[in-house]
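Below is the file work-v7.txt, which contains compact mmCIF, C-alpha atoms.
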# COMPACT_ATOMS: atom_id res chain seq x y z
CA MET A 136 16.62 -112.97 13.75
CA ARG A 137 17.93 -115.06 16.63
CA ALA A 138 21.50 -116.15 15.99
CA LEU A 139 20.71 -119.87 16.26
CA LEU A 140 17.54 -121.90 15.93
CA PRO A 141 15.67 -122.60 19.16
CA ILE A 142 16.54 -126.10 20.31
CA ALA A 143 12.93 -127.23 19.84
CA LEU A 144 13.16 -126.46 16.12
CA VAL A 145 16.49 -128.26 15.84
CA LEU A 146 15.00 -131.35 17.50
CA ALA A 147 11.95 -131.19 15.24
CA PHE A 148 14.28 -130.90 12.26
CA LEU A 149 16.26 -133.99 13.34
CA SER A 150 13.05 -135.95 13.89
CA THR A 151 11.91 -134.99 10.40
CA ALA A 152 15.27 -136.17 9.03
CA ALA A 153 14.66 -139.61 10.48
CA LEU A 154 11.19 -139.80 8.96
CA LEU A 155 12.44 -138.66 5.58
CA GLY A 156 14.86 -141.58 5.57
CA ARG A 157 12.02 -143.87 4.44
CA ALA A 158 12.00 -142.26 0.97
CA PRO A 159 13.22 -144.60 -1.79
CA ALA A 160 15.89 -142.56 -3.58
CA PRO A 161 18.07 -139.51 -2.85
CA ALA A 162 16.79 -137.51 -5.84
CA GLN A 163 13.13 -138.11 -4.91
CA LEU A 164 13.75 -137.37 -1.25
CA GLN A 165 15.58 -134.13 -1.96
CA SER A 166 13.15 -132.93 -4.63
CA ALA A 167 10.22 -133.34 -2.21
CA ALA A 168 12.10 -131.39 0.47
CA ALA A 169 13.13 -128.69 -2.03
CA ARG A 170 9.55 -128.25 -3.20
CA GLU A 171 8.39 -127.93 0.40
CA PHE A 172 11.04 -125.29 1.07
CA LEU A 173 10.23 -123.27 -2.04
CA SER A 174 6.50 -123.44 -1.38
CA SER A 175 7.08 -121.90 2.07
CA LEU A 176 8.49 -118.73 0.47
CA ASP A 177 6.75 -115.70 -0.94
CA ASP A 178 7.53 -114.54 -4.47
CA ALA A 179 10.42 -112.30 -3.37
CA GLY A 180 12.00 -115.02 -1.27
CA ARG A 181 11.58 -117.58 -4.03
CA ALA A 182 13.27 -115.24 -6.51
CA ARG A 183 16.30 -114.98 -4.22
CA ALA A 184 16.40 -118.71 -3.45
CA THR A 185 16.32 -119.92 -7.06
CA ALA A 186 18.34 -119.73 -10.25
CA GLY A 187 18.49 -121.57 -13.55
CA PHE A 188 20.41 -124.81 -13.69
CA ASP A 189 22.91 -123.26 -16.09
CA ALA A 190 23.41 -120.14 -13.97
CA PRO A 191 27.09 -119.45 -13.11
CA ALA A 192 26.16 -119.36 -9.42
CA ARG A 193 25.52 -123.11 -9.45
CA SER A 194 29.23 -123.95 -9.60
CA ASP A 195 30.64 -120.72 -8.11
CA TRP A 196 31.59 -121.84 -4.62
CA HIS A 197 33.90 -120.86 -1.78
CA PHE A 198 34.25 -121.15 1.97
CA VAL A 199 35.22 -117.59 2.93
CA PRO A 200 32.83 -114.84 4.08
CA ARG A 201 31.57 -113.13 0.90
CA GLN A 202 28.43 -112.14 -0.98
CA ARG A 203 26.49 -115.20 -2.17
CA ALA A 204 23.53 -116.08 -4.32
CA GLY A 205 20.58 -117.62 -2.52
CA LEU A 206 18.33 -116.85 0.43
CA ALA A 207 20.07 -116.45 3.80
CA LEU A 208 18.84 -118.23 6.92
CA ARG A 209 18.62 -114.85 8.68
CA ASP A 210 16.07 -113.67 6.09
CA MET A 211 13.71 -116.60 6.64
CA THR A 212 10.89 -117.03 9.11
CA ASP A 213 11.15 -119.85 11.65
CA ALA A 214 8.87 -122.00 9.49
CA GLN A 215 10.99 -121.33 6.42
CA ARG A 216 14.21 -122.11 8.31
CA LEU A 217 12.70 -125.40 9.43
CA ALA A 218 11.79 -126.21 5.81
CA ALA A 219 15.35 -125.25 4.80
CA ARG A 220 16.77 -127.59 7.40
CA ARG A 221 14.49 -130.38 6.21
CA LEU A 222 16.06 -129.91 2.79
CA ILE A 223 19.53 -130.01 4.35
CA ALA A 224 18.57 -133.19 6.22
CA SER A 225 17.36 -134.77 2.99
CA GLY A 226 20.98 -134.82 1.80
CA LEU A 227 23.01 -135.02 5.00
CA SER A 228 23.05 -137.75 7.62
CA ALA A 229 22.66 -137.08 11.35
CA GLN A 230 26.47 -136.74 11.49
CA GLY A 231 26.43 -134.25 8.63
CA VAL A 232 23.58 -132.28 10.20
CA LEU A 233 25.44 -132.04 13.51
CA THR A 234 28.56 -130.88 11.69
CA PHE A 235 26.53 -128.20 9.90
CA GLU A 236 24.87 -127.01 13.11
CA GLY A 237 28.18 -127.11 15.00
CA ILE A 238 29.81 -124.80 12.46
CA LEU A 239 26.92 -122.35 12.81
CA GLN A 240 27.53 -122.42 16.56
CA LEU A 241 31.20 -121.62 15.96
CA GLU A 242 30.21 -118.64 13.83
CA GLN A 243 28.19 -117.41 16.81
CA VAL A 244 31.27 -117.91 19.01
CA LEU A 245 33.31 -115.75 16.62
CA LEU A 246 30.59 -113.09 16.62
CA GLU A 247 30.57 -112.97 20.42
CA LEU A 248 34.37 -112.73 20.52
CA ASP A 249 34.20 -109.78 18.11
CA ARG A 250 31.58 -108.10 20.26
CA ALA A 251 33.73 -108.59 23.36
CA ARG A 252 36.62 -106.90 21.52
CA GLY A 253 34.38 -103.99 20.55
CA VAL A 254 34.30 -104.80 16.82
CA ALA A 255 31.44 -102.66 15.54
CA ASP A 256 31.00 -104.20 12.09
CA SER A 257 31.81 -107.89 12.55
CA ILE A 258 31.64 -110.05 9.43
CA ARG A 259 30.61 -113.01 11.61
CA ASP A 260 26.98 -113.93 11.11
CA PRO A 261 25.44 -117.35 11.89
CA GLY A 262 22.50 -116.34 9.71
CA ALA A 263 24.62 -115.69 6.61
CA TYR A 264 24.26 -119.18 5.17
CA HIS A 265 22.54 -119.09 1.81
CA LEU A 266 20.35 -121.77 0.28
CA LEU A 267 20.11 -121.84 -3.50
CA VAL A 268 18.02 -124.16 -5.69
CA CYS A 269 19.02 -124.30 -9.37
CA GLY A 270 16.50 -125.65 -11.82
CA GLU A 271 13.10 -127.19 -11.04
CA PRO A 272 13.22 -129.81 -8.25
CA GLY A 273 12.35 -133.21 -9.66
CA SER A 274 13.17 -132.25 -13.24
CA GLU A 275 15.80 -133.89 -15.44
CA ARG A 276 18.51 -131.49 -14.21
CA TRP A 277 18.45 -129.59 -10.95
CA SER A 278 20.61 -128.94 -7.90
CA TRP A 279 20.73 -127.23 -4.54
CA ARG A 280 23.38 -126.03 -2.14
CA ILE A 281 23.81 -124.46 1.28
CA GLU A 282 26.85 -122.23 1.63
CA GLY A 283 28.44 -119.68 3.92
CA HIS A 284 31.61 -119.20 5.93
CA HIS A 285 33.20 -122.63 6.40
CA ILE A 286 30.31 -124.52 4.80
CA SER A 287 29.81 -125.47 1.16
CA VAL A 288 27.47 -128.41 0.54
CA HIS A 289 26.24 -129.29 -2.97
CA PHE A 290 23.85 -131.86 -4.41
CA THR A 291 23.34 -132.20 -8.17
CA HIS A 292 20.67 -134.39 -9.80
CA VAL A 293 20.66 -135.42 -13.44
CA GLY A 294 18.33 -138.10 -14.76
CA GLY A 295 17.52 -139.23 -11.24
CA ALA A 296 21.18 -139.81 -10.29
CA THR A 297 22.82 -137.72 -7.56
CA ARG A 298 26.28 -136.28 -6.98
CA ALA A 299 27.35 -134.74 -3.66
CA THR A 300 30.65 -132.93 -4.14
CA PRO A 301 32.31 -130.54 -3.63
CA LEU A 302 31.80 -130.67 0.13
CA PHE A 303 33.64 -128.34 2.50
CA TRP A 304 33.62 -127.95 6.29
CA GLY A 305 35.73 -125.56 8.35
CA THR A 306 36.01 -124.88 12.05
CA ASN A 307 37.26 -121.74 13.77
CA PRO A 308 38.01 -122.27 16.55
CA GLY A 309 38.95 -125.88 15.97
CA GLU A 310 38.47 -126.32 19.69
CA VAL A 311 36.45 -123.81 21.69
CA GLN A 312 38.68 -122.60 24.50
CA SER A 313 36.21 -120.97 26.88
CA GLY A 314 32.55 -120.32 27.59
CA PRO A 315 29.61 -122.73 27.60
CA LEU A 316 30.92 -124.55 24.49
CA ALA A 317 34.46 -125.01 25.86
CA GLY A 318 35.97 -128.24 24.57
CA LEU A 319 33.77 -128.45 21.47
CA ARG A 320 35.73 -129.87 18.52
CA VAL A 321 33.37 -130.16 15.58
CA LEU A 322 35.96 -131.89 13.36
CA GLY A 323 38.09 -133.25 16.18
CA GLU A 324 37.33 -136.95 15.66
CA ARG A 325 38.40 -136.72 12.04
CA GLU A 326 41.77 -135.28 12.96
CA ASP A 327 42.24 -137.78 15.79
CA ALA A 328 41.47 -140.77 13.55
CA ALA A 329 43.99 -139.64 10.94
CA ARG A 330 46.61 -139.00 13.61
CA ALA A 331 46.07 -142.52 14.97
CA LEU A 332 46.69 -143.96 11.50
CA ALA A 333 49.81 -141.83 10.99
CA SER A 334 51.09 -142.77 14.45
CA SER A 335 50.73 -146.47 13.63
CA LEU A 336 53.16 -146.19 10.72
CA SER A 337 56.68 -147.59 10.93
CA ALA A 338 59.64 -145.27 10.43
CA GLU A 339 59.87 -146.31 6.78
CA GLN A 340 56.15 -145.86 6.24
CA ARG A 341 56.23 -142.45 7.93
CA ALA A 342 58.90 -141.29 5.50
CA ARG A 343 56.72 -142.35 2.55
CA ALA A 344 53.65 -140.70 4.07
CA GLY A 345 55.49 -137.41 4.61
CA VAL A 346 55.25 -137.31 8.40
CA GLY A 347 57.14 -134.28 9.67
CA GLY A 348 56.93 -132.47 6.34
CA GLU A 349 55.92 -128.83 6.01
CA VAL A 350 52.23 -128.18 6.55
CA PRO A 351 50.60 -126.13 3.76
CA ALA A 352 48.82 -122.89 4.61
CA ASP A 353 45.50 -124.35 3.44
CA VAL A 354 44.01 -127.30 1.61
CA LEU A 355 45.60 -127.68 -1.79
CA HIS A 356 42.41 -128.41 -3.74
CA VAL A 357 40.84 -124.99 -3.27
CA PRO A 358 37.83 -123.99 -5.42
CA ALA A 359 40.01 -122.53 -8.18
CA VAL A 360 41.72 -125.92 -8.68
CA LEU A 361 39.75 -127.79 -11.34
CA ALA A 362 41.76 -131.00 -11.60
CA ALA A 363 43.28 -133.41 -9.12
CA ARG A 364 46.87 -132.78 -8.19
CA GLU A 365 49.44 -135.55 -8.49
CA ARG A 366 48.86 -138.06 -5.72
CA ALA A 367 51.34 -138.09 -2.86
CA GLY A 368 51.85 -140.12 0.30
CA ILE A 369 51.96 -143.81 1.08
CA ALA A 370 49.88 -146.15 -1.06
CA ALA A 371 47.29 -148.34 0.64
CA ALA A 372 49.07 -151.32 -0.89
CA GLU A 373 52.04 -150.50 1.37
CA LEU A 374 49.98 -150.55 4.56
CA GLY A 375 49.31 -153.48 6.82
CA ASP A 376 45.85 -154.98 7.19
CA ALA A 377 45.04 -153.06 10.38
CA GLN A 378 46.29 -149.82 8.83
CA ARG A 379 44.17 -150.35 5.71
CA ALA A 380 41.19 -150.86 8.00
CA GLN A 381 42.03 -147.53 9.70
CA LEU A 382 42.29 -145.83 6.31
CA ARG A 383 38.92 -147.23 5.26
CA ALA A 384 37.35 -146.05 8.53
CA LEU A 385 38.80 -142.59 7.88
CA PHE A 386 37.22 -142.17 4.45
CA GLU A 387 34.01 -143.80 5.62
CA GLN A 388 33.85 -141.18 8.37
CA GLN A 389 33.87 -138.46 5.72
CA ALA A 390 31.40 -140.16 3.40
CA ARG A 391 28.95 -140.67 6.24
CA ASP A 392 28.19 -136.96 6.27
CA LEU A 393 25.80 -138.01 3.49
CA ARG A 394 22.53 -139.88 3.98
CA GLY A 395 22.62 -143.68 3.84
CA GLU A 396 22.36 -144.61 0.17
CA LEU A 397 24.61 -141.76 -0.96
CA ALA A 398 27.19 -142.56 1.72
CA ALA A 399 27.23 -146.26 0.79
CA ALA A 400 27.77 -145.46 -2.89
CA GLU A 401 30.65 -143.08 -2.15
CA ILE A 402 32.28 -145.55 0.24
CA GLU A 403 32.11 -148.22 -2.45
CA ARG A 404 33.62 -145.84 -5.02
CA ILE A 405 36.53 -144.83 -2.79
CA ALA A 406 37.15 -148.40 -1.68
CA ALA A 407 37.29 -149.48 -5.34
CA ALA A 408 40.57 -147.56 -5.67
CA GLY A 409 42.08 -150.29 -3.50
CA GLY A 410 45.86 -150.19 -3.23
CA ALA A 411 45.98 -147.04 -5.40
CA LEU A 412 44.62 -144.92 -2.54
CA CYS A 413 47.29 -142.72 -0.99
CA PHE A 414 47.46 -141.42 2.57
CA ARG A 415 49.61 -138.45 3.49
CA TRP A 416 50.29 -136.82 6.84
CA LEU A 417 52.37 -133.66 7.08
CA GLY A 418 53.48 -131.96 10.27
CA SER A 419 53.75 -133.15 13.84
CA LEU A 420 51.96 -136.15 15.32
CA GLU A 421 51.55 -134.23 18.58
CA PRO A 422 47.99 -133.01 19.25
CA GLY A 423 47.68 -129.24 19.11
CA LYS A 424 50.46 -128.85 16.55
CA PRO A 425 49.98 -127.92 12.86
CA CYS A 426 49.01 -130.91 10.75
CA TYR A 427 47.67 -131.89 7.35
CA TYR A 428 46.40 -135.14 5.92
CA SER A 429 44.92 -136.30 2.65
CA ILE A 430 43.31 -139.37 1.15
CA GLU A 431 43.75 -139.31 -2.61
CA GLY A 432 42.63 -141.65 -5.36
CA PRO A 433 42.02 -141.52 -9.09
CA GLY A 434 40.38 -138.15 -9.71
CA PHE A 435 39.38 -137.39 -6.11
CA ALA A 436 40.86 -136.09 -2.87
CA ILE A 437 39.84 -135.62 0.75
CA GLU A 438 42.04 -133.08 2.55
CA TYR A 439 42.24 -131.75 6.09
CA VAL A 440 44.53 -129.03 7.41
CA ASN A 441 44.78 -127.46 10.86
CA VAL A 442 47.46 -124.78 10.86
CA GLN A 443 45.93 -121.31 11.19
CA ASN A 444 45.45 -119.58 14.56
CA ASP A 445 48.14 -121.70 16.24
CA ALA A 446 46.65 -124.91 14.84
CA ASN A 447 43.15 -124.11 16.06
CA HIS A 448 41.42 -123.43 12.74
CA ALA A 449 40.70 -126.44 10.50
CA HIS A 450 39.58 -126.89 6.90
CA LEU A 451 38.26 -130.14 5.40
CA VAL A 452 37.41 -130.52 1.72
CA TRP A 453 36.22 -133.39 -0.46
CA ARG A 454 36.69 -132.98 -4.21
CA ASP A 455 35.80 -135.42 -6.99
CA PHE A 456 36.83 -133.79 -10.21
CA GLU A 457 35.26 -136.26 -12.61
CA ARG A 458 31.89 -136.04 -10.91
CA GLU A 459 31.46 -132.86 -8.83
CA HIS A 460 28.54 -130.65 -9.78
CA GLY A 461 27.32 -133.66 -11.78
CA ARG A 462 29.96 -133.31 -14.50
CA ASP A 463 29.90 -137.00 -15.42
CA LEU A 464 26.11 -137.13 -15.38
CA LEU A 465 25.83 -134.05 -17.59
CA ARG A 466 28.36 -135.47 -20.03
CA GLU A 467 26.46 -138.75 -20.22
CA HIS A 468 23.18 -136.87 -20.62
CA LEU A 469 24.53 -134.81 -23.53
CA GLU A 470 25.97 -137.91 -25.22
CA ALA A 471 22.62 -139.64 -24.92
CA GLU A 472 20.85 -136.61 -26.38
CA ARG A 473 23.22 -136.57 -29.37
CA GLY A 474 22.63 -140.26 -29.96
CA ARG A 475 18.86 -139.92 -30.27

Any chance you could put this one into structure tokens?
Amino acid sequence: MRALLPIALVLAFLSTAALLGRAPAPAQLQSAAAREFLSSLDDAGRARATAGFDAPARSDWHFVPRQRAGLALRDMTDAQRLAARRLIASGLSAQGVLTFEGILQLEQVLLELDRARGVADSIRDPGAYHLLVCGEPGSERWSWRIEGHHISVHFTHVGGATRATPLFWGTNPGEVQSGPLAGLRVLGEREDAARALASSLSAEQRARAGVGGEVPADVLHVPAVLAARERAGIAAAELGDAQRAQLRALFEQQARDLRGELAAAEIERIAAAGGALCFRWLGSLEPGKPCYYSIEGPGFAIEYVNVQNDANHAHLVWRDFEREHGRDLLREHLEAERGR
């Protein structure tokens, strides 16, 4: 397979995303796209692309190169890859789609660097992103995900309601240093916006936020962590009005990876934490130096770290421990079933 989609297919995919936006509800929109994708597959492909809703694979996620359940983009025809991307666009906004495609481009960059170094068996593969549908689209309980190196995107539907975490993006290189993509920073704006907020803090506020503290080797809420860590950093209640506006813009930027209605609901949920939100910045405020930031609230966390490869390899994760993989919806569903 070609390493990346031809640009014509990408443009067609984005156009389809805009048209799909007319659908009334996220669950309906995504179930229609999932059915279209599954109907494009033969029996063998459908067997690889599907699992039961209760299958362990549904909640077994990570962001490193490894074997995964699902059907890989490289094993699809062009028509099937377009249907897969329509499904992706049914959950992600234009911003989220561009982030997804940008990370695939970075995987191609890594593959070409390996080839230039004479690496015979590179693990880099822009086609090794697996799509998995669990359960029957449109049923009471179903989900889908797209996952591979530096991407883990999940949507869970129970009773017509939708949950969209965990969500992980990673970029290596954080900034492409050479070649036709030189200067590309897929997550750059998110780091810059957080740095601007941290830089606006007074000396006293910086001390509370942790500025200058040791940068962790990775995000703290890795897949194996199943509960939110104790919140740290400066509370939103201790920020000025302009700083609170910057903090809101920062979490809105993350939530807007999701399509409109989903993004709006998540923004409202995060904003509801009010003064209890905490912002933390560790490391230097100088661009190009190791840094870490987090936005944490009751039961959820958004984290970003750029420390590996001389601060040119970033990880961004969004966890919501009460709700990810539809935990709250499943609990409510079971309680309703018991009450009947």

Discussion item. Could you list, as a PyMOL selection string, every residue within 10 Å of region 381-394 of chain A, counting only C-alpha atoms and ignoring same-chain residues fewer than 4 positions away?
Written reply: chain A and resi 152+156+161+224-235+299+302+324-329+331-333+335+371+374-377+398-403+405-406+409+412-414+429-430+437+451-453

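Going from CA of Gly418 (chain A) to CA of Glu373 (chain A) covers 20.6 Å.
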
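The residue set within 9 Å of Ala344 (chain A), counting only C-alpha atoms and dropping same-chain residues fewer than 3 places from it, reads Ala333, Leu336, Glu339, Gln340, Arg341, Ala367, Gly368, Ile369, Ala370, Cys413, Phe414, Arg415, Trp416 and Leu417 of chain A.
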
Restricting it to C-alpha atoms, dump the selection as a PDB file, keeping the file's coordinate frame.
ATOM      1  CA  ALA A 333      49.810-141.830  10.990  1.00  0.00           C
ATOM      2  CA  LEU A 336      53.160-146.190  10.720  1.00  0.00           C
ATOM      3  CA  GLU A 339      59.870-146.310   6.780  1.00  0.00           C
ATOM      4  CA  GLN A 340      56.150-145.860   6.240  1.00  0.00           C
ATOM      5  CA  ARG A 341      56.230-142.450   7.930  1.00  0.00           C
ATOM      6  CA  ALA A 367      51.340-138.090  -2.860  1.00  0.00           C
ATOM      7  CA  GLY A 368      51.850-140.120   0.300  1.00  0.00           C
ATOM      8  CA  ILE A 369      51.960-143.810   1.080  1.00  0.00           C
ATOM      9  CA  ALA A 370      49.880-146.150  -1.060  1.00  0.00           C
ATOM     10  CA  CYS A 413      47.290-142.720  -0.990  1.00  0.00           C
ATOM     11  CA  PHE A 414      47.460-141.420   2.570  1.00  0.00           C
ATOM     12  CA  ARG A 415      49.610-138.450   3.490  1.00  0.00           C
ATOM     13  CA  TRP A 416      50.290-136.820   6.840  1.00  0.00           C
ATOM     14  CA  LEU A 417      52.370-133.660   7.080  1.00  0.00           C
TER      15      LEU A 417
END

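Nearest residue to Pro261 (chain A), choosing from A:His289, A:Arg209, A:Arg379, A:Arg216 and counting all atoms listed in the file: A:Arg209.
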
Fill in: region 188-203 of chain A surroundings by all atoms listed in the file, 6 Å radius, close-in-sequence under 4 positions cut, as a PyMOL selection string
chain A and resi 269-270+277+284-286

Could you save those same residues with C-alpha atoms as a compact mmCIF listing (two decimals), in the frame of the given file?
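Once everything was written out, this is again.txt:
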# COMPACT_ATOMS: atom_id res chain seq x y z
CA CYS A 269 19.02 -124.30 -9.37
CA GLY A 270 16.50 -125.65 -11.82
CA TRP A 277 18.45 -129.59 -10.95
CA HIS A 284 31.61 -119.20 5.93
CA HIS A 285 33.20 -122.63 6.40
CA ILE A 286 30.31 -124.52 4.80

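Nearest-residue note for His292 (chain A): choosing from A:Arg221, A:Arg252, A:Arg280, A:Arg366, the minimum distance belongs to A:Arg280, counting only C-alpha atoms.
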
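We find CA of Ser313 (chain A) and CA of Val350 (chain A) to be spaced 26.9 Å apart.
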
Discussion item. Between CA of Gly295 (chain A) and CA of Gly283 (chain A), what distance in Å does the model show, to one decimal?
Written reply: 27.0 Å

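Nearest to Ala263 (chain A) of all the residues A:Glu396, A:Glu275, A:Glu310, A:Asp210 is A:Asp210, counting all atoms listed in the file.
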
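Nearest to Glu457 (chain A) of all the residues A:Asn441, A:Asn307, A:Thr300, A:Gln163 is A:Thr300, based on all atoms listed in the file.
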
Practice prompt. Might you pull out every residue within 8 Å of Ala449 (chain A), with all atoms listed in the file counted and same-chain residues fewer than 3 positions away left off, and present them as a list in words?
Written response: Gly305, Thr306, Asn307, Pro308, Gly309, Leu322, Tyr439, Val440, Asn441, Val442, Gln443 and Ala446 of chain A

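Considering the residues A:Leu217, A:Leu208, A:Leu267, A:Val293 and counting only C-alpha atoms, Arg466 (chain A) has its shortest atom-to-atom contact with A:Val293.
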
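When only C-alpha atoms are used to measure the gap to Gly345 (chain A), the shortest distance among A:Ile223, A:Leu266, A:Val254, A:Leu420 belongs to A:Leu420.
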